[in-house]
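> Okay, here's the structure, questions in a sec.
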Amino acid sequence: EARPFLIGEDGTFEDHQALLPFQNKIMASYEEVASKCPAAWLVALLLKIRSNLRHNIQGMPCARVHSAGCLRDARGYWQMYAETRLASAAKSAGKHEEVRETIKKGEERVLDEFRQIFVHPHALDL
């Protein structure tokens with residue numbers, strides 16, 4: 001049975017670095033992508049948010065900002081995500097079940113990481 005692109009036998013991504021060009025291209029042309037394919041924009045935002053949260057949790061900088069800036073940016077991206085998600089929810093009702101499930105799992109992971117930072121800062125498991 002064929003596996004989805006970049007998914008290993010255990011169901012996890014085999015190469016996280018392979019996603020960076022996809023994410024960077026979408027982030028660079030977000031207005032066009034968000035209007036033509038909101039799902040791609042949502043997935044790219046979830047990847048970016050998780051990356052920024054992980055950098056903050058690990059005390060590492062993101063691009064040109066320090067660790068606290070990673071968290072600030074993740075919160076801003078989450079706001080953008082929420083706006084796009086609400087706007088696109090009615091348009092995609094009943095379509096693309098697999099994509100919706102992927103987005104739902106991404107949302108759960110992002111929310112768990114926000115909880116780690118804000119609710120249980122000493123419970124981080126790195």
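Chain lettering (A, B, ...) mirrors the order of the structure tokens, residue numbering begins at 1 for each chain separately, and ligand numbering begins at 1 in order of display.
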Which residues come within 12 Å of range 28-31 of chain A, counting only C-alpha atoms, excluding same-chain residues fewer than 2 positions away, as a ChimeraX atom specification?
/A:20-26,33-45,77,80-81,84
> Pick out the closest residue to Leu47 in chain A from this set: A:Ala63, A:Gln79, A:Glu97, A:Val110. Count only C-alpha atoms.
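Checking each candidate against Leu47 in chain A, we get A:Val110 as the closest.
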> Using only C-alpha atoms for the distances, tell me which of A:Ala82, A:Glu113, A:Glu98, A:Phe118 is nearest to Ser51 in chain A.
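Distance minimum relative to Ser51 in chain A lands on A:Glu113.
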> Mind checking DSSP for range 8-61 of chain A and telling me the alpha helix (DSSP H) residues as a PyMOL selection string?
chain A and resi 20-28+30-36+38-57
> Of the residues A:Arg85, A:Asp73, A:Ile57, A:Ser67, which is the one nearest to Lys104 in chain A, using only C-alpha atoms?
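Nearest candidate to Lys104 in chain A out of A:Arg85, A:Asp73, A:Ile57, A:Ser67: A:Arg85.
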> Which value, in Å to one decimal, gives the distance between CA of Ala74 in chain A and CA of His55 in chain A?
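These two atoms are separated by 10.2 Å.
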